[in-house]
file work.txt (compact mmCIF, C-alpha atoms)
# COMPACT_ATOMS: atom_id res chain seq x y z
CA MET A 1 21.13 -16.25 44.14
CA ASP A 2 20.38 -18.39 41.11
CA LYS A 3 21.99 -16.61 38.21
CA THR A 4 20.88 -19.16 35.63
CA LEU A 5 19.12 -17.31 32.86
CA LYS A 6 15.82 -18.94 32.05
CA LEU A 7 15.36 -19.25 28.34
CA ALA A 8 12.36 -17.42 27.01
CA ASN A 9 9.99 -18.61 24.33
CA ILE A 10 7.45 -15.97 23.65
CA GLU A 11 4.63 -15.73 21.17
CA LEU A 12 3.01 -12.43 20.44
CA LYS A 13 0.02 -11.71 18.23
CA LEU A 14 -0.25 -8.24 16.80
CA PRO A 15 -2.65 -6.62 14.37
CA PRO A 16 -1.04 -5.84 10.99
CA ASP A 17 -0.75 -2.16 11.84
CA GLU A 18 2.39 -0.09 11.44
CA LEU A 19 1.61 1.61 14.76
CA MET A 20 2.41 -1.70 16.44
CA VAL A 21 6.04 -1.56 15.39
CA SER A 22 7.10 0.84 18.13
CA PRO A 23 5.67 -1.25 21.00
CA LEU A 24 7.20 -4.34 19.37
CA ARG A 25 10.59 -2.67 19.19
CA LEU A 26 10.30 -1.65 22.84
CA LEU A 27 9.41 -5.18 23.89
CA VAL A 28 12.32 -6.80 22.05
CA SER A 29 14.72 -4.25 23.49
CA GLY A 30 13.61 -5.27 26.98
CA LEU A 31 14.00 -8.96 26.17
CA ALA A 32 17.42 -8.36 24.63
CA THR A 33 18.65 -6.42 27.65
CA ARG A 34 18.46 -9.53 29.84
CA LEU A 35 20.56 -11.37 27.23
CA GLY A 36 23.39 -8.92 27.65
CA PHE A 37 22.95 -7.10 24.36
CA SER A 38 24.72 -3.76 24.09
CA MET A 39 22.94 -0.65 22.85
CA ASP A 40 24.35 -1.12 19.34
CA GLU A 41 23.19 -4.73 19.25
CA ILE A 42 19.77 -3.73 20.55
CA ALA A 43 19.53 -1.14 17.78
CA ASP A 44 20.34 -3.81 15.18
CA LEU A 45 17.78 -6.17 16.69
CA LYS A 46 15.06 -3.53 16.76
CA ASP A 47 15.80 -2.41 13.21
CA SER A 48 15.70 -5.91 11.74
CA ILE A 49 12.58 -7.03 13.60
CA GLY A 50 10.83 -3.74 12.98
CA GLU A 51 11.50 -3.85 9.25
CA ALA A 52 10.49 -7.50 8.98
CA PHE A 53 7.24 -6.81 10.84
CA LEU A 54 6.45 -3.84 8.62
CA ALA A 55 7.17 -5.89 5.49
CA VAL A 56 4.63 -8.50 6.59
CA ALA A 57 2.12 -5.95 7.90
CA ASP A 58 2.20 -4.06 4.64
CA ARG A 59 1.14 -7.15 2.77
CA CYS A 60 -1.79 -8.08 4.95
CA LYS A 61 -3.02 -4.78 6.36
CA THR A 62 -6.42 -5.07 4.69
CA LEU A 63 -6.97 -8.60 5.91
CA LYS A 64 -8.33 -9.95 9.16
CA GLY A 65 -6.14 -11.85 11.54
CA ALA A 66 -2.98 -11.18 13.46
CA ILE A 67 0.72 -11.32 12.74
CA THR A 68 2.49 -13.78 14.99
CA VAL A 69 5.91 -12.88 16.33
CA ARG A 70 7.77 -15.77 17.94
CA TRP A 71 10.85 -15.17 20.06
CA ASN A 72 12.85 -18.31 20.71
CA GLU A 73 16.05 -18.53 22.76
CA THR A 74 18.50 -21.41 22.93
CA GLN A 75 21.96 -21.53 24.44
CA GLU A 76 23.37 -20.77 21.00
CA ASN A 77 20.92 -18.56 19.19
CA LEU A 78 18.11 -16.12 19.37
CA SER A 79 15.64 -16.56 16.56
CA ILE A 80 12.66 -14.42 15.77
CA ARG A 81 10.00 -15.65 13.42
CA ILE A 82 7.35 -13.36 11.98
CA THR A 83 4.39 -15.10 10.40
CA ASP A 84 1.40 -13.91 8.49
CA PRO A 85 -1.37 -16.42 9.22
CA SER A 86 -3.47 -15.22 6.32
CA HIS A 87 -0.91 -17.00 4.09
CA THR A 88 -0.87 -14.19 1.57
CA PHE A 89 2.68 -13.23 2.36
CA THR A 90 4.88 -15.34 0.16
CA LYS A 91 8.49 -15.15 -0.75
CA VAL A 92 9.82 -11.66 -0.43
CA GLU A 93 10.24 -10.21 -3.88
CA ASN A 94 11.38 -7.03 -2.28
CA VAL A 95 14.99 -8.18 -2.33
CA PRO A 96 16.60 -4.89 -1.28
CA MET A 97 14.75 -4.84 2.03
CA ALA A 98 15.93 -8.38 2.70
CA GLN A 99 19.44 -7.15 2.01
CA VAL A 100 18.95 -4.40 4.56
CA LEU A 101 17.83 -6.94 7.15
CA GLU A 102 20.83 -9.12 6.42
CA LYS A 103 23.19 -6.29 7.23
CA VAL A 104 22.16 -6.12 10.85
CA ALA A 105 21.24 -9.71 11.72
CA ASP A 106 23.40 -12.82 11.67
CA GLU A 107 21.02 -14.58 9.32
CA VAL A 108 17.73 -13.80 7.60
CA THR A 109 15.65 -16.37 5.79
CA VAL A 110 12.34 -15.97 4.07
CA GLY A 111 10.26 -19.09 4.04
CA GLU A 112 7.61 -20.41 1.79
CA GLY A 113 5.07 -23.09 2.44
CA GLU A 114 2.09 -23.46 4.70
CA GLU A 115 3.18 -20.71 7.05
CA PRO A 116 5.33 -18.32 5.07
CA ASP A 117 7.43 -16.21 7.34
CA ILE A 118 10.54 -14.17 7.88
CA ARG A 119 13.11 -15.65 10.25
CA ILE A 120 15.87 -13.63 11.83
CA ARG A 121 18.69 -15.18 13.81
CA PHE A 122 21.24 -13.65 16.17
CA ASP A 123 24.18 -15.61 17.48
CA LEU A 124 24.24 -15.58 21.28
CA LYS A 125 27.48 -17.41 22.05
CA ASP A 126 29.63 -14.29 22.37
CA ARG A 127 26.96 -12.11 23.87
CA ARG A 128 26.30 -14.47 26.77
CA LYS A 129 29.70 -13.70 28.21
CA ASN A 130 28.28 -10.37 29.34
CA LEU A 131 25.43 -11.83 31.32
CA PHE A 132 27.14 -12.44 34.61
CA LYS A 133 29.87 -9.81 34.56
CA ASP A 134 30.23 -7.87 37.78
CA MET B 1 22.52 11.82 -5.11
CA GLY B 2 19.15 13.48 -5.36
CA LYS B 3 20.93 16.58 -6.64
CA GLY B 4 18.96 16.55 -9.84
CA ARG B 5 15.91 17.33 -7.76
CA ASP B 6 17.62 19.77 -5.45
CA LYS B 7 16.07 22.93 -6.82
CA ALA B 8 13.25 25.27 -5.96
CA ALA B 9 10.26 25.87 -8.12
CA PRO B 10 10.32 29.39 -9.50
CA ALA B 11 8.07 31.65 -7.49
CA GLY B 12 4.64 31.90 -8.97
CA ASP B 13 5.27 28.97 -11.31
CA SER B 14 1.95 27.59 -12.41
CA THR B 15 1.43 23.92 -12.44
CA SER B 16 3.13 22.62 -15.48
CA HIS B 17 1.22 19.46 -16.08
CA GLY B 18 3.47 18.65 -18.97
CA SER B 19 2.84 19.76 -22.48
CA LEU B 20 1.38 16.43 -23.51
CA THR B 21 -1.95 16.20 -25.21
CA GLU B 22 -4.44 13.72 -23.89
CA ALA B 23 -3.60 11.34 -26.71
CA GLU B 24 0.14 11.63 -26.07
CA GLU B 25 -0.42 11.01 -22.37
CA ARG B 26 -2.52 7.97 -23.11
CA GLU B 27 0.14 6.60 -25.44
CA LEU B 28 2.86 7.20 -22.87
CA PHE B 29 1.09 5.44 -20.03
CA THR B 30 -0.06 2.59 -22.22
CA ALA B 31 3.55 2.04 -23.19
CA TYR B 32 4.53 2.24 -19.52
CA ARG B 33 1.90 -0.29 -18.52
CA GLU B 34 3.20 -2.71 -21.14
CA ASN B 35 6.84 -2.15 -20.24
CA PRO B 36 7.62 -0.15 -17.09
CA SER B 37 11.25 0.42 -18.06
CA GLU B 38 13.71 2.66 -16.29
CA GLU B 39 13.89 4.93 -19.30
CA LEU B 40 10.13 5.43 -19.47
CA THR B 41 9.88 5.99 -15.75
CA ASP B 42 12.58 8.63 -15.86
CA ARG B 43 10.84 10.30 -18.78
CA ILE B 44 7.50 10.44 -16.92
CA LEU B 45 9.18 11.71 -13.75
CA LYS B 46 10.89 14.45 -15.71
CA GLN B 47 7.63 15.34 -17.46
CA TYR B 48 5.71 15.83 -14.23
CA GLU B 49 8.30 16.83 -11.64
CA ASN B 50 7.18 20.46 -11.79
CA LEU B 51 3.88 19.31 -10.34
CA VAL B 52 5.79 18.16 -7.25
CA TYR B 53 7.63 21.48 -6.96
CA HIS B 54 4.38 23.38 -7.34
CA ILE B 55 2.65 21.44 -4.55
CA ALA B 56 5.69 21.45 -2.25
CA HIS B 57 6.02 25.19 -2.70
CA LYS B 58 2.44 25.68 -1.56
CA TYR B 59 3.14 23.85 1.69
CA THR B 60 6.44 25.54 2.46
CA PRO B 61 6.26 28.73 4.51
CA GLY B 62 10.05 29.03 4.51
CA ARG B 63 12.80 27.42 2.50
CA GLU B 64 14.35 25.11 5.09
CA SER B 65 11.95 22.21 4.66
CA PHE B 66 11.29 22.58 0.91
CA GLU B 67 13.81 19.89 -0.05
CA ASP B 68 12.20 17.42 2.31
CA LEU B 69 8.76 18.15 0.92
CA VAL B 70 10.04 17.67 -2.62
CA GLN B 71 11.46 14.29 -1.64
CA VAL B 72 8.15 13.32 -0.05
CA GLY B 73 6.28 14.60 -3.10
CA MET B 74 8.47 12.60 -5.48
CA ILE B 75 7.48 9.45 -3.64
CA GLY B 76 3.87 10.41 -4.21
CA LEU B 77 4.61 10.93 -7.91
CA VAL B 78 6.23 7.50 -8.18
CA GLN B 79 3.21 5.90 -6.53
CA ALA B 80 0.90 7.74 -8.90
CA ILE B 81 2.86 6.51 -11.91
CA ARG B 82 2.60 2.95 -10.67
CA ARG B 83 -1.09 3.05 -9.92
CA PHE B 84 -2.43 5.21 -12.73
CA ASP B 85 -4.89 3.44 -14.99
CA VAL B 86 -5.13 5.23 -18.30
CA GLU B 87 -8.34 3.33 -19.12
CA ARG B 88 -10.29 5.22 -16.47
CA GLY B 89 -10.26 8.36 -18.60
CA TRP B 90 -8.56 10.64 -16.08
CA ARG B 91 -5.75 13.01 -16.90
CA PHE B 92 -2.61 11.87 -15.12
CA SER B 93 -1.88 15.31 -13.68
CA THR B 94 -5.23 15.31 -11.89
CA TYR B 95 -4.62 11.86 -10.46
CA ALA B 96 -1.03 12.60 -9.51
CA TYR B 97 -1.94 15.87 -7.85
CA GLN B 98 -4.12 14.04 -5.30
CA THR B 99 -1.51 11.38 -4.62
CA ILE B 100 1.34 13.86 -4.19
CA ARG B 101 -0.68 16.14 -1.97
CA GLY B 102 -1.88 13.17 0.11
CA GLU B 103 1.70 12.06 0.67
CA ILE B 104 2.75 15.53 1.82
CA GLN B 105 -0.25 15.86 4.12
CA ARG B 106 0.54 12.50 5.70
CA TYR B 107 4.09 13.70 6.27
CA PHE B 108 2.81 16.75 8.14
CA ARG B 109 0.50 14.63 10.26
CA ASP B 110 3.47 12.52 11.37
CA LYS B 111 5.45 15.66 12.16
CA SER B 112 2.68 17.19 14.26
CA TRP B 113 2.65 14.04 16.36
CA ALA B 114 6.31 14.60 17.02
CA MET B 115 5.72 18.14 18.22
CA SER B 116 3.34 17.12 21.00
CA VAL B 117 5.75 14.82 22.86
CA PRO B 118 6.14 15.70 26.55
CA ARG B 119 9.29 17.60 27.39
CA GLN B 120 10.33 15.02 29.98
CA ILE B 121 10.61 12.30 27.33
CA LYS B 122 12.61 14.54 25.04
CA GLU B 123 14.98 15.50 27.85
CA GLN B 124 15.47 11.91 28.92
CA SER B 125 16.17 10.89 25.35
CA LEU B 126 18.85 13.53 25.03
CA LYS B 127 20.36 12.45 28.34
CA VAL B 128 20.40 8.77 27.38
CA PHE B 129 22.06 9.39 24.04
CA ALA B 130 24.62 11.69 25.66
CA VAL B 131 25.47 9.18 28.40
CA GLU B 132 25.70 6.42 25.80
CA SER B 133 28.25 8.39 23.79
CA THR B 134 30.31 9.22 26.86
CA LEU B 135 30.31 5.65 28.12
CA ALA B 136 31.17 4.26 24.70
CA LEU B 137 34.25 6.45 24.61
CA LYS B 138 35.19 5.51 28.16
CA LEU B 139 34.62 1.77 27.78
CA GLY B 140 35.82 1.44 24.21
CA CYS B 141 32.66 -0.47 23.25
CA SER B 142 28.92 -0.05 23.11
CA PRO B 143 27.51 0.09 26.67
CA THR B 144 24.58 -1.98 27.87
CA PRO B 145 21.29 -0.43 28.98
CA ALA B 146 22.17 -1.38 32.56
CA GLN B 147 25.40 0.62 32.41
CA ILE B 148 23.62 3.62 30.94
CA ALA B 149 20.85 3.38 33.52
CA GLU B 150 23.36 3.42 36.37
CA GLU B 151 25.25 6.37 34.93
CA ALA B 152 22.16 8.38 34.08
CA GLY B 153 20.25 7.63 37.26
CA LEU B 154 17.36 6.08 35.38
CA THR B 155 15.76 2.66 35.32
CA GLU B 156 16.60 0.30 32.49
CA GLU B 157 13.01 0.59 31.28
CA ARG B 158 13.37 4.35 31.02
CA VAL B 159 16.60 3.99 29.09
CA LEU B 160 15.02 1.64 26.57
CA GLU B 161 11.95 3.84 26.30
CA ALA B 162 14.06 6.93 25.76
CA MET B 163 16.09 5.15 23.10
CA GLU B 164 12.98 4.13 21.21
CA LEU B 165 10.95 7.29 21.58
CA GLY B 166 13.88 9.64 21.07
CA SER B 167 14.35 8.73 17.45
CA ALA B 168 10.66 9.02 16.64
CA TYR B 169 10.01 12.22 18.51
CA HIS B 170 12.17 14.87 16.97
CA PRO B 171 10.84 17.23 14.32
CA LEU B 172 13.05 18.08 11.40
CA ASN B 173 13.93 21.69 11.94
CA ILE B 174 15.14 21.64 15.51
CA LEU B 175 18.15 19.39 15.16
CA GLU B 176 21.49 20.42 13.69
CA GLU B 177 21.91 19.87 10.01
CA ALA B 178 24.60 17.34 9.19
CA VAL B 179 27.52 18.19 6.97
CA PRO B 180 28.76 14.96 5.48
CA GLU B 181 32.50 14.57 5.16
CA GLU B 182 32.11 13.48 1.59
CA ALA B 183 30.45 15.76 -0.90
CA SER B 184 28.03 13.19 -2.21
CA VAL B 185 26.95 9.66 -1.81
CA SER B 186 27.84 7.58 -4.76
CA PRO B 187 27.13 3.92 -4.16
CA SER B 188 28.67 2.94 -7.45
CA ASP B 189 31.95 4.46 -6.32
CA ARG B 190 32.06 2.23 -3.31
CA GLU B 191 33.15 -1.36 -3.19
CA SER B 192 30.16 -3.45 -4.14
CA GLY B 193 30.96 -6.26 -1.72
CA LEU B 194 28.04 -8.60 -1.44
CA LEU B 195 25.75 -6.46 -3.51
CA GLY B 196 27.46 -6.72 -6.87
CA VAL B 197 27.42 -4.37 -9.82
CA GLU B 198 23.74 -4.72 -10.68
CA SER B 199 22.71 -4.04 -7.09
CA ASP B 200 24.88 -0.92 -6.97
CA LEU B 201 23.13 0.45 -10.02
CA PHE B 202 19.78 -0.42 -8.52
CA TRP B 203 20.59 1.33 -5.27
CA LYS B 204 21.91 4.36 -7.06
CA HIS B 205 18.45 4.90 -8.52
CA ILE B 206 16.61 4.07 -5.34
CA LEU B 207 18.72 6.27 -3.10
CA ALA B 208 18.15 9.18 -5.47
CA PHE B 209 14.64 9.37 -4.06
CA LEU B 210 16.02 10.13 -0.61
CA THR B 211 17.63 13.30 0.66
CA GLU B 212 21.40 13.30 0.60
CA LYS B 213 21.58 12.91 4.37
CA GLU B 214 19.14 10.01 4.39
CA ALA B 215 21.08 8.20 1.67
CA GLU B 216 24.35 8.77 3.48
CA VAL B 217 22.98 7.44 6.76
CA LEU B 218 21.58 4.31 5.11
CA TRP B 219 24.77 3.57 3.27
CA LEU B 220 27.00 4.03 6.29
CA ARG B 221 24.67 2.07 8.51
CA PHE B 222 23.76 -0.88 6.33
CA TRP B 223 26.54 -1.19 3.77
CA ASP B 224 29.54 0.06 5.71
CA GLY B 225 28.07 -1.62 8.80
CA LEU B 226 28.69 1.26 11.19
CA PRO B 227 26.66 1.53 14.39
CA GLN B 228 24.52 4.64 14.70
CA ARG B 229 26.96 6.34 17.03
CA ASP B 230 29.81 6.07 14.51
CA VAL B 231 27.56 7.29 11.72
CA ALA B 232 26.75 10.33 13.87
CA ILE B 233 30.42 11.05 14.41
CA LYS B 234 31.15 10.71 10.71
CA LEU B 235 28.30 13.01 9.72
CA GLN B 236 28.98 15.44 12.56
CA THR B 237 25.52 15.22 13.99
CA SER B 238 23.73 13.66 16.93
CA GLN B 239 22.95 9.98 17.22
CA MET B 240 19.31 10.88 17.71
CA ASN B 241 19.33 12.65 14.36
CA VAL B 242 20.92 9.62 12.72
CA SER B 243 18.22 7.40 14.21
CA ARG B 244 15.52 9.74 12.93
CA LEU B 245 17.04 9.97 9.44
CA GLN B 246 17.37 6.20 9.30
CA ARG B 247 13.75 5.70 10.22
CA GLN B 248 12.60 8.28 7.66
CA ALA B 249 14.74 6.75 4.94
CA LEU B 250 13.57 3.20 5.63
CA ALA B 251 9.96 4.38 5.62
CA LYS B 252 10.49 5.88 2.18
CA LEU B 253 12.22 2.73 0.94
CA ARG B 254 9.34 0.58 2.10
CA LYS B 255 6.95 2.63 0.03
CA LEU B 256 9.19 2.61 -2.99
CA LEU B 257 10.20 -1.01 -2.87
CA ARG B 258 6.90 -2.80 -2.55
CA PRO B 259 7.22 -6.30 -4.01
CA GLY B 260 6.90 -6.30 -7.78
CA GLU B 261 6.43 -2.55 -7.89
CA LEU B 262 9.76 -0.92 -8.47
CA PRO B 263 9.77 2.68 -9.59
CA PHE B 264 11.67 1.77 -12.73

call {"tool": "encode", "arguments": {"input": "work.txt", "output": "structure tokens"}}
result
Amino acid sequence: MDKTLKLANIELKLPPDELMVSPLRLLVSGLATRLGFSMDEIADLKDSIGEAFLAVADRCKTLKGAITVRWNETQENLSIRITDPSHTFTKVENVPMAQVLEKVADEVTVGEGEEPDIRIRFDLKDRRKNLFKD
Amino acid sequence: MGKGRDKAAPAGDSTSHGSLTEAEERELFTAYRENPSEELTDRILKQYENLVYHIAHKYTPGRESFEDLVQVGMIGLVQAIRRFDVERGWRFSTYAYQTIRGEIQRYFRDKSWAMSVPRQIKEQSLKVFAVESTLALKLGCSPTPAQIAEEAGLTEERVLEAMELGSAYHPLNILEEAVPEEASVSPSDRESGLLGVESDLFWKHILAFLTEKEAEVLWLRFWDGLPQRDVAIKLQTSQMNVSRLQRQALAKLRKLLRPGELPF
């Protein structure tokens, strides 16, 4: 049986609605399970992505368009990028929430520019050891 | 933490909309608009906090949820202070009354959703959290969903679903009340670490808008870096309750900490 894990690159478009955060959290928990994340790590992942999504959704809830959530896996890292295509979401002035996100992820960056976004990174090197344990 | 607001409105207390005249109110909010300082914010909160107690008292059949309603109402009061436009000619108490009441009503709508969750989902959530705790003790580390699924006789999808829905689907009064080991949360007493002195002071004010349990959960989870299970052990409550408190607290923080709109 081929045990090679196929790397996933997923793009999801969601309306800027806080009701979408629960399905999003459920989806990422399923994706994280196949990467060998433990329950604690899944909780951290869900919390950081959920809060980042809500931060963006709050800013553009009265606008048309969808929030894009990009899930990108490499051998080293998992990165999640949450983008508001209406371009009204700029640098997060809400510093304390960014600090909350930083507590549970390996790295959080908030980007400016043509597609302002929130990027969250989790290191996969150690977690991948769990993937093929008997 | 939040203890200054931890009191009941006297029975039959009429709405004390402050003893400010219209001119005094106008002057106060004009000054606030020009300079929304911490001192002014505190003064306005103090002036109108009885309005929150009055409204919370109306919605409380018993005493057990009064504190929560006061906390919710205070968020409404903060929002009203931020948004109030003195040029529109309204009295602030009238404007704030609607905002506070709206916030409390929204809180009850969320709670009623929680009450209608099917029993099967609730039972599976309890089972998943219980198996997780047992396995964590046995393994010495956080188990994976696959391990929990095998132990609990569920599919991995069910485990993940139960984990997600369990924290959202528990009303306040059913779960055990936590008794924190420490008497109060005092962020400034803790090591500041990455946050620094100014951040500690900032958080001290922000966390005052949460209940004591909510503030404790947030601090242990995000500043002490404990996983939810360890927070539950420390606070002598269930992990599901910790998850619920965390979600509630973060929801309040999001409202309070909108970019450029701090409550002080």

call {"tool": "interface_residues", "arguments": {"input": "work.txt", "of": "chain B", "to": "chain A", "cutoff": "6 Å", "atoms": "only C-alpha atoms", "output": "number ranges by chain"}}
result
B: 142-144, 222, 259

call {"tool": "closest_residue", "arguments": {"input": "work.txt", "among": "A:Leu78, A:Leu7, A:Met20, A:Val110", "to": "Ala66 (chain A)", "atoms": "all atoms listed in the file"}}
result
A:Met20

call {"tool": "atom_distance", "arguments": {"input": "work.txt", "atom1": "CA of Ile118 (chain A)", "atom2": "CA of Pro15 (chain A)"}}
result
16.5 Å

call {"tool": "residues_around", "arguments": {"input": "work.txt", "residues": "Asp123 (chain A)", "least_positions_apart": "6", "cutoff": "8 Å", "atoms": "all atoms listed in the file", "output": "PDB file with C-alpha atoms, in the coordinates of the input"}}
result
ATOM      1  CA  GLU A  76      23.370 -20.770  21.000  1.00  0.00           C
ATOM      2  CA  ASN A  77      20.920 -18.560  19.190  1.00  0.00           C
ATOM      3  CA  LEU A  78      18.110 -16.120  19.370  1.00  0.00           C
ATOM      4  CA  ASP A 106      23.400 -12.820  11.670  1.00  0.00           C
TER       5      ASP A 106
END

call {"tool": "closest_residue", "arguments": {"input": "work.txt", "among": "A:Val56, A:Val108, A:Leu31, A:Ile49", "to": "Glu157 (chain B)", "atoms": "all atoms listed in the file"}}
result
A:Leu31

call {"tool": "atom_distance", "arguments": {"input": "work.txt", "atom1": "CA of Lys138 (chain B)", "atom2": "CA of Gln246 (chain B)"}}
result
26.0 Å

call {"tool": "atom_distance", "arguments": {"input": "work.txt", "atom1": "CA of Gly50 (chain A)", "atom2": "CA of Gly111 (chain A)"}}
result
17.8 Å

call {"tool": "closest_residue", "arguments": {"input": "work.txt", "among": "A:Pro116, A:Glu11, A:Arg81, A:Lys6", "to": "Phe53 (chain A)", "atoms": "only C-alpha atoms"}}
result
A:Arg81

call {"tool": "residues_around", "arguments": {"input": "work.txt", "residues": "Asp84 (chain A)", "least_positions_apart": "3", "cutoff": "9 Å", "atoms": "all atoms listed in the file", "output": "PDB file with C-alpha atoms, in the coordinates of the input"}}
result
ATOM      1  CA  PRO A  16      -1.040  -5.840  10.990  1.00  0.00           C
ATOM      2  CA  VAL A  56       4.630  -8.500   6.590  1.00  0.00           C
ATOM      3  CA  ALA A  57       2.120  -5.950   7.900  1.00  0.00           C
ATOM      4  CA  ARG A  59       1.140  -7.150   2.770  1.00  0.00           C
ATOM      5  CA  CYS A  60      -1.790  -8.080   4.950  1.00  0.00           C
ATOM      6  CA  GLY A  65      -6.140 -11.850  11.540  1.00  0.00           C
ATOM      7  CA  ALA A  66      -2.980 -11.180  13.460  1.00  0.00           C
ATOM      8  CA  ILE A  67       0.720 -11.320  12.740  1.00  0.00           C
ATOM      9  CA  THR A  68       2.490 -13.780  14.990  1.00  0.00           C
ATOM     10  CA  HIS A  87      -0.910 -17.000   4.090  1.00  0.00           C
ATOM     11  CA  THR A  88      -0.870 -14.190   1.570  1.00  0.00           C
ATOM     12  CA  PHE A  89       2.680 -13.230   2.360  1.00  0.00           C
ATOM     13  CA  GLU A 115       3.180 -20.710   7.050  1.00  0.00           C
ATOM     14  CA  PRO A 116       5.330 -18.320   5.070  1.00  0.00           C
ATOM     15  CA  ASP A 117       7.430 -16.210   7.340  1.00  0.00           C
TER      16      ASP A 117
END

call {"tool": "residues_near_point", "arguments": {"input": "work.txt", "point": "(-1.1, 16.4, -11.8)", "cutoff": "10 Å", "atoms": "all atoms listed in the file", "output": "number ranges by chain"}}
result
B: 15-18, 48-52, 54-55, 77, 80, 91-101

call {"tool": "residues_near_point", "arguments": {"input": "work.txt", "point": "(16.7, 9.4, 20.5)", "cutoff": "7 Å", "atoms": "only C-alpha atoms", "output": "list in words"}}
result
Ser125, Leu126, Phe129, Ala162, Met163, Glu164, Leu165, Gly166, Ser167, Met240 and Ser243 of chain B

call {"tool": "closest_residue", "arguments": {"input": "work.txt", "among": "A:Ala52, A:Leu124, A:Val69, A:Ile80", "to": "Leu12 (chain A)", "atoms": "all atoms listed in the file"}}
result
A:Val69
